[in-house]
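Below is one structure, written out as C-alpha cells; the observations come after it.
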Amino acid sequence: DRLLDTFELYAEAFHSSGGEFGIEELFRLAHEQEWWPELEQLLMTSIQGYEGAQRAEKLRMFGSHYASFSGEEQRAFDVYIKAYQADPEQDETRDNVWALAEDLDAWPIVANLYDNLVDNSNDPIRRSRFLRARAQLEIEKLGARERGIETLKRAVASAPTDSALNDILLGHAEDADELMGIAQFYEDEGAWAEDPDARIGLYRRAVDAYKAAGDATAAARVLKSITKVAPSDDALVAERIELLEDAEDWGQLADVLQRQSERASGSRRTDMLRRLARLYGRSVAAGPRALTAWEQLLEHEPADDEAFEALRKALSATEEWERLQLLLARRTALPDAEGVRGLLEERVSILVNRLEQRERAVPILFELASLTPYD
C-alpha cells in the first residue's frame, strides 16, 4: 500500500536523521490512517538510550505533536507524563501535564505520578517540592483539603526551612480552622529537629500558630523552648513575657522575671525587677516577695522613686519601723536628695514614737537644726 510505504520511508528518514526529519509527516499519516500504535512504537524506539533531560525533551516534543491533533489529548497526556517522570525539574512539562489533566479530569493519575516521584527521590528538597505539588492538587483539584494539609506537613518535615512552603501550610490550616493541630505539629517537629536554626524556625511557626489560634499559654510554652536554644535573645524573652501576661499565667511570669532579673544588667535589670515587684504587689500573699523585689531594685537603682515610695508605703503598713527608718536614712544620704527635711522629721517620729529610742533621734535632730528653713 502506497501510504504504508510512504510511512515507512518517513520512518527511515526519521531514524537516520536522529529524529530531526519526517516527524510532522509521520504524525499526519498516523492521524489519517489511525496508525498510532505503529507510531508510538517508532517513537519509543527512537529514544532508547536517552535519559533524564534529553529523554524528557524528546518526549515533550512528541507530546506537542500529539496535542496538535484534535481528539488526541489522551495520547499527548500519556507522553507528557513520561516526560515529567524523566525530568521532573522542567516547569514546562509540569504545565503541560496539569493543563491536559484539567481537560481530561485525570488528576488521580497525576497524584500517583507525584507519589512515585516522592518514593523514588532521596533528596529532601525535591521530595518536598513533589509533596507540595501533590498537596496543591489534593486541595485545589480533588477537594481534599484535610488530606492536602497532611501532605503539606510531610513536605515541611522534609524541608523545614522553606518559608514559602510554611506560609502555604499555615494559610490552609487557618482556612480550615486547623491552627491548633498545625501548631502542635510544628512544636513536635521542632522537638525532633537537630539543627538549631531549623529547631528555632519550627518553634517560631508553632508560636505564630498558637497565637493565631488564641492560645497564649501554649505560645509562651513554646517560646520557653526557643529561649533554651537561644537564651541570649532578649526579643524572645520580651515576647514570652507579653504572652504570659496575656494568658494571666502569673506564676510562670514571676519565674521568668526573676530569672531575667538575675541574669540581666543595667536598664534591663531595672525593668525586670520593676515588673517583678509590680507583679508581686498584686497579691497580698506575695507581699514579702514584692518587698524583696523593690529592695533589689533600690540596691540597683538607689534613686528610683517608685521603688522608694512602694517600700515606704509597704513597710509602714506592716509596721516594720526599723526597716522603714533605715530606708529613709539611705534616701536622705543620696546626692541631691529632695525633701530631706521631711524625711528626717519622719525618721525622728519613728525613732521616738514607734521604736521609743530617743537617743538615736538626737543626731538626726542636730542634722535638722543645721538645715536652713529652705532645705
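If you're wondering about the labels, chains in the C-alpha cells are A, B, ... by order shown, residues count from 1 in each chain, ligands from 1 in order shown.
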
Requested in this report: Using DSSP on the backbone coordinates, identify all residues within region 82-255 of chain A classified as helix (DSSP H, G or I); present the result as JSON, numbers by chain.
Outcome: {"A": [82, 83, 84, 85, 86, 91, 92, 93, 94, 95, 96, 97, 98, 99, 100, 101, 102, 103, 104, 107, 108, 109, 110, 111, 112, 113, 114, 115, 116, 117, 118, 119, 124, 125, 126, 127, 128, 129, 130, 131, 132, 133, 134, 135, 136, 137, 138, 139, 140, 145, 146, 147, 148, 149, 150, 151, 152, 153, 154, 155, 156, 157, 158, 163, 164, 165, 166, 167, 168, 169, 170, 171, 172, 173, 174, 175, 179, 180, 181, 182, 183, 184, 185, 186, 187, 188, 189, 190, 191, 192, 196, 197, 198, 199, 200, 201, 202, 203, 204, 205, 206, 207, 208, 209, 210, 211, 212, 216, 217, 218, 219, 220, 221, 222, 223, 224, 225, 226, 227, 228, 229, 234, 235, 236, 237, 238, 239, 240, 241, 242, 243, 244, 245, 246, 250, 251, 252, 253, 254, 255]}

Neighbouring residues of region 183-192 of chain A were defined as those with any atom within 8 Å, considering only C-alpha atoms; residues of the same chain fewer than 6 positions away were excluded. Please report them as a list of chain:residue names.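 Once the adjacent positions are removed, what remains is A:Lys153, A:Ala157, A:Ala198, A:Arg199, A:Ile200, A:Gly201, A:Leu202, A:Tyr203, A:Arg205, A:Ala206, A:Val207, A:Asp208, A:Ala209, A:Tyr210, A:Val222.
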
query: Which neighbours of Ala337 (chain A) fall inside 12 Å, counting only C-alpha atoms, when residues of the same chain fewer than 3 positions from it are skipped, and could you give them as a list in words?
result: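 Close residues of Ala337 (chain A): Pro302, Ala303, Asp304, Asp305, Leu328, Ala329, Arg330, Arg331, Thr332, Ala333, Leu334, Val340, Arg341, Gly342, Leu343, Leu344 and Asp375 of chain A.
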
N, CA, C and O atoms of the current selection, written as an mmCIF file, in the first residue's frame:
data_model
loop_
_atom_site.group_PDB
_atom_site.id
_atom_site.type_symbol
_atom_site.label_atom_id
_atom_site.label_comp_id
_atom_site.auth_asym_id
_atom_site.auth_seq_id
_atom_site.Cartn_x
_atom_site.Cartn_y
_atom_site.Cartn_z
ATOM 1 N N PRO A 302 19.535 53.199 93.420
ATOM 2 C CA PRO A 302 19.203 53.785 94.728
ATOM 3 C C PRO A 302 18.276 54.994 94.662
ATOM 4 O O PRO A 302 17.589 55.288 95.653
ATOM 5 N N ALA A 303 18.223 55.694 93.540
ATOM 6 C CA ALA A 303 17.397 56.904 93.448
ATOM 7 C C ALA A 303 16.034 56.636 92.812
ATOM 8 O O ALA A 303 15.315 57.584 92.482
ATOM 9 N N ASP A 304 15.669 55.380 92.654
ATOM 10 C CA ASP A 304 14.403 55.073 91.989
ATOM 11 C C ASP A 304 13.218 55.481 92.870
ATOM 12 O O ASP A 304 13.014 54.933 93.962
ATOM 13 N N ASP A 305 12.430 56.430 92.379
ATOM 14 C CA ASP A 305 11.328 56.971 93.175
ATOM 15 C C ASP A 305 10.223 55.952 93.407
ATOM 16 O O ASP A 305 9.666 55.866 94.509
ATOM 17 N N LEU A 328 14.585 55.415 104.976
ATOM 18 C CA LEU A 328 14.602 56.876 104.941
ATOM 19 C C LEU A 328 16.021 57.405 105.068
ATOM 20 O O LEU A 328 16.396 58.402 104.417
ATOM 21 N N ALA A 329 16.815 56.736 105.886
ATOM 22 C CA ALA A 329 18.210 57.170 106.060
ATOM 23 C C ALA A 329 18.988 57.051 104.757
ATOM 24 O O ALA A 329 19.760 57.942 104.381
ATOM 25 N N ARG A 330 18.800 55.958 104.073
ATOM 26 C CA ARG A 330 19.500 55.776 102.789
ATOM 27 C C ARG A 330 19.042 56.817 101.772
ATOM 28 O O ARG A 330 19.823 57.298 100.965
ATOM 29 N N ARG A 331 17.779 57.154 101.840
ATOM 30 C CA ARG A 331 17.241 58.132 100.890
ATOM 31 C C ARG A 331 17.850 59.516 101.122
ATOM 32 O O ARG A 331 18.227 60.211 100.182
ATOM 33 N N THR A 332 17.941 59.917 102.391
ATOM 34 C CA THR A 332 18.497 61.243 102.671
ATOM 35 C C THR A 332 19.988 61.320 102.376
ATOM 36 O O THR A 332 20.525 62.405 102.190
ATOM 37 N N ALA A 333 20.642 60.162 102.341
ATOM 38 C CA ALA A 333 22.088 60.151 102.074
ATOM 39 C C ALA A 333 22.417 60.269 100.595
ATOM 40 O O ALA A 333 23.589 60.444 100.226
ATOM 41 N N LEU A 334 21.394 60.203 99.735
ATOM 42 C CA LEU A 334 21.651 60.283 98.297
ATOM 43 C C LEU A 334 22.078 61.687 97.904
ATOM 44 O O LEU A 334 21.590 62.679 98.464
ATOM 45 N N VAL A 340 14.582 66.479 102.016
ATOM 46 C CA VAL A 340 15.391 65.910 103.091
ATOM 47 C C VAL A 340 14.804 66.243 104.464
ATOM 48 O O VAL A 340 14.746 65.381 105.358
ATOM 49 N N ARG A 341 14.362 67.501 104.650
ATOM 50 C CA ARG A 341 13.822 67.888 105.947
ATOM 51 C C ARG A 341 12.650 66.997 106.337
ATOM 52 O O ARG A 341 12.576 66.480 107.470
ATOM 53 N N GLY A 342 11.710 66.768 105.429
ATOM 54 C CA GLY A 342 10.552 65.931 105.732
ATOM 55 C C GLY A 342 10.942 64.499 106.047
ATOM 56 O O GLY A 342 10.367 63.862 106.946
ATOM 57 N N LEU A 343 11.932 63.977 105.308
ATOM 58 C CA LEU A 343 12.384 62.607 105.549
ATOM 59 C C LEU A 343 13.051 62.485 106.924
ATOM 60 O O LEU A 343 12.848 61.486 107.638
ATOM 61 N N LEU A 344 13.851 63.501 107.292
ATOM 62 C CA LEU A 344 14.498 63.472 108.606
ATOM 63 C C LEU A 344 13.464 63.562 109.728
ATOM 64 O O LEU A 344 13.571 62.856 110.745
ATOM 65 N N ASP A 375 15.669 74.270 103.240
ATOM 66 C CA ASP A 375 16.137 72.928 102.835
ATOM 67 C C ASP A 375 15.022 71.913 102.989
ATOM 68 O O ASP A 375 14.218 72.018 103.885
#

Spatial neighbours of Ala173 (chain A), 10 Å, only C-alpha atoms, chain gap at least 5 places, as an mmCIF file with N, CA and C atoms, in the first residue's frame:
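Output saved as around_39.cif:
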data_model
loop_
_atom_site.group_PDB
_atom_site.id
_atom_site.type_symbol
_atom_site.label_atom_id
_atom_site.label_comp_id
_atom_site.auth_asym_id
_atom_site.auth_seq_id
_atom_site.Cartn_x
_atom_site.Cartn_y
_atom_site.Cartn_z
ATOM 1 N N ARG A 145 -9.062 18.947 51.250
ATOM 2 C CA ARG A 145 -8.225 19.883 51.991
ATOM 3 C C ARG A 145 -7.486 19.200 53.143
ATOM 4 N N GLU A 146 -8.187 18.381 53.917
ATOM 5 C CA GLU A 146 -7.542 17.749 55.075
ATOM 6 C C GLU A 146 -6.380 16.865 54.635
ATOM 7 N N ILE A 149 -3.511 19.083 53.599
ATOM 8 C CA ILE A 149 -2.776 19.631 54.736
ATOM 9 C C ILE A 149 -1.812 18.590 55.307
ATOM 10 N N ASP A 167 4.458 29.061 54.865
ATOM 11 C CA ASP A 167 3.371 30.044 54.740
ATOM 12 C C ASP A 167 2.129 29.406 54.115
ATOM 13 N N ILE A 168 2.353 28.559 53.132
ATOM 14 C CA ILE A 168 1.229 27.875 52.473
ATOM 15 C C ILE A 168 0.506 26.977 53.463
ATOM 16 N N GLU A 178 -7.696 24.745 61.410
ATOM 17 C CA GLU A 178 -6.849 23.661 61.917
ATOM 18 C C GLU A 178 -5.580 24.200 62.571
ATOM 19 N N LEU A 179 -5.643 25.440 63.058
ATOM 20 C CA LEU A 179 -4.431 26.070 63.560
ATOM 21 C C LEU A 179 -3.843 25.343 64.769
ATOM 22 N N MET A 180 -4.700 24.858 65.660
ATOM 23 C CA MET A 180 -4.174 24.171 66.842
ATOM 24 C C MET A 180 -3.426 22.908 66.445
ATOM 25 N N GLY A 181 -3.984 22.164 65.500
ATOM 26 C CA GLY A 181 -3.308 20.956 65.038
ATOM 27 C C GLY A 181 -1.982 21.268 64.371
ATOM 28 N N ILE A 182 -1.941 22.347 63.576
ATOM 29 C CA ILE A 182 -0.704 22.726 62.907
ATOM 30 C C ILE A 182 0.318 23.217 63.925
ATOM 31 N N ALA A 183 -0.148 23.965 64.921
ATOM 32 C CA ALA A 183 0.767 24.438 65.968
ATOM 33 C C ALA A 183 1.417 23.260 66.682
ATOM 34 N N ALA A 209 1.334 30.037 65.188
ATOM 35 C CA ALA A 209 0.072 29.312 65.026
ATOM 36 C C ALA A 209 -0.743 29.335 66.319
#

*Quick one: residues within 12 Å of Ala238 (chain A), only C-alpha atoms counted, chain neighbours fewer than 5 positions away excluded, as a ChimeraX atom specification?*
/A:220,223-224,227,231-233,243-245,253,256-257,260,268,271-272,275

N, CA, C and O atoms of the current selection, written as a PDB file, in the first residue's frame:
ATOM      1  N   ALA A 220       3.466  30.754  74.800  1.00  0.00           N
ATOM      2  CA  ALA A 220       4.515  31.063  75.781  1.00  0.00           C
ATOM      3  C   ALA A 220       5.337  29.822  76.113  1.00  0.00           C
ATOM      4  O   ALA A 220       6.554  29.903  76.312  1.00  0.00           O
ATOM      5  N   LEU A 223       7.764  29.335  73.334  1.00  0.00           N
ATOM      6  CA  LEU A 223       8.820  30.347  73.409  1.00  0.00           C
ATOM      7  C   LEU A 223       9.863  29.976  74.460  1.00  0.00           C
ATOM      8  O   LEU A 223      11.052  30.256  74.302  1.00  0.00           O
ATOM      9  N   LYS A 224       9.432  29.332  75.528  1.00  0.00           N
ATOM     10  CA  LYS A 224      10.373  28.855  76.533  1.00  0.00           C
ATOM     11  C   LYS A 224      11.352  27.864  75.905  1.00  0.00           C
ATOM     12  O   LYS A 224      12.558  27.887  76.203  1.00  0.00           O
ATOM     13  N   THR A 227      13.874  29.837  73.889  1.00  0.00           N
ATOM     14  CA  THR A 227      14.883  30.517  74.700  1.00  0.00           C
ATOM     15  C   THR A 227      15.945  29.541  75.229  1.00  0.00           C
ATOM     16  O   THR A 227      17.045  29.956  75.554  1.00  0.00           O
ATOM     17  N   PRO A 231      19.262  31.458  74.410  1.00  0.00           N
ATOM     18  CA  PRO A 231      18.993  32.092  75.709  1.00  0.00           C
ATOM     19  C   PRO A 231      19.298  33.582  75.757  1.00  0.00           C
ATOM     20  O   PRO A 231      18.807  34.279  76.643  1.00  0.00           O
ATOM     21  N   SER A 232      20.123  34.080  74.851  1.00  0.00           N
ATOM     22  CA  SER A 232      20.511  35.487  74.897  1.00  0.00           C
ATOM     23  C   SER A 232      19.629  36.384  74.034  1.00  0.00           C
ATOM     24  O   SER A 232      19.925  37.573  73.886  1.00  0.00           O
ATOM     25  N   ASP A 233      18.573  35.837  73.466  1.00  0.00           N
ATOM     26  CA  ASP A 233      17.698  36.625  72.589  1.00  0.00           C
ATOM     27  C   ASP A 233      16.682  37.381  73.441  1.00  0.00           C
ATOM     28  O   ASP A 233      15.660  36.833  73.859  1.00  0.00           O
ATOM     29  N   LEU A 243       3.248  37.296  76.325  1.00  0.00           N
ATOM     30  CA  LEU A 243       2.276  36.207  76.184  1.00  0.00           C
ATOM     31  C   LEU A 243       1.800  35.700  77.549  1.00  0.00           C
ATOM     32  O   LEU A 243       0.615  35.393  77.727  1.00  0.00           O
ATOM     33  N   LEU A 244       2.715  35.602  78.493  1.00  0.00           N
ATOM     34  CA  LEU A 244       2.326  35.156  79.832  1.00  0.00           C
ATOM     35  C   LEU A 244       1.397  36.172  80.495  1.00  0.00           C
ATOM     36  O   LEU A 244       0.478  35.803  81.233  1.00  0.00           O
ATOM     37  N   GLU A 245       1.619  37.434  80.212  1.00  0.00           N
ATOM     38  CA  GLU A 245       0.706  38.455  80.725  1.00  0.00           C
ATOM     39  C   GLU A 245      -0.673  38.299  80.090  1.00  0.00           C
ATOM     40  O   GLU A 245      -1.700  38.388  80.772  1.00  0.00           O
ATOM     41  N   LEU A 253       5.050  33.825  84.837  1.00  0.00           N
ATOM     42  CA  LEU A 253       5.586  35.161  84.578  1.00  0.00           C
ATOM     43  C   LEU A 253       6.565  35.573  85.665  1.00  0.00           C
ATOM     44  O   LEU A 253       7.646  36.111  85.382  1.00  0.00           O
ATOM     45  N   VAL A 256       9.874  33.802  85.158  1.00  0.00           N
ATOM     46  CA  VAL A 256      10.652  34.371  84.051  1.00  0.00           C
ATOM     47  C   VAL A 256      11.289  35.691  84.475  1.00  0.00           C
ATOM     48  O   VAL A 256      12.482  35.933  84.244  1.00  0.00           O
ATOM     49  N   LEU A 257      10.503  36.556  85.082  1.00  0.00           N
ATOM     50  CA  LEU A 257      11.031  37.859  85.503  1.00  0.00           C
ATOM     51  C   LEU A 257      12.152  37.689  86.529  1.00  0.00           C
ATOM     52  O   LEU A 257      13.161  38.410  86.486  1.00  0.00           O
ATOM     53  N   GLN A 260      15.283  36.443  84.707  1.00  0.00           N
ATOM     54  CA  GLN A 260      15.847  37.500  83.869  1.00  0.00           C
ATOM     55  C   GLN A 260      16.490  38.596  84.710  1.00  0.00           C
ATOM     56  O   GLN A 260      17.519  39.153  84.328  1.00  0.00           O
ATOM     57  N   ARG A 268      18.056  46.936  81.740  1.00  0.00           N
ATOM     58  CA  ARG A 268      17.226  45.735  81.583  1.00  0.00           C
ATOM     59  C   ARG A 268      16.956  45.097  82.949  1.00  0.00           C
ATOM     60  O   ARG A 268      15.838  44.643  83.216  1.00  0.00           O
ATOM     61  N   ASP A 271      14.307  47.095  84.630  1.00  0.00           N
ATOM     62  CA  ASP A 271      12.971  46.824  84.097  1.00  0.00           C
ATOM     63  C   ASP A 271      12.424  45.506  84.624  1.00  0.00           C
ATOM     64  O   ASP A 271      11.246  45.421  85.016  1.00  0.00           O
ATOM     65  N   MET A 272      13.262  44.456  84.637  1.00  0.00           N
ATOM     66  CA  MET A 272      12.799  43.152  85.111  1.00  0.00           C
ATOM     67  C   MET A 272      12.394  43.208  86.585  1.00  0.00           C
ATOM     68  O   MET A 272      11.365  42.664  86.993  1.00  0.00           O
ATOM     69  N   ARG A 275       9.080  45.164  87.039  1.00  0.00           N
ATOM     70  CA  ARG A 275       7.910  44.383  86.626  1.00  0.00           C
ATOM     71  C   ARG A 275       7.628  43.257  87.618  1.00  0.00           C
ATOM     72  O   ARG A 275       6.474  42.934  87.890  1.00  0.00           O
TER      73      ARG A 275
END

query = Do you know which residues are at most 12 Å from region 113-128 of chain A counting only C-alpha atoms, after dropping those on the same chain fewer than 6 positions away, and could you put them as a PyMOL selection string?
reply = chain A and resi 78+80-89+94+97-98+101+106-107+134-138+151-162+164-166
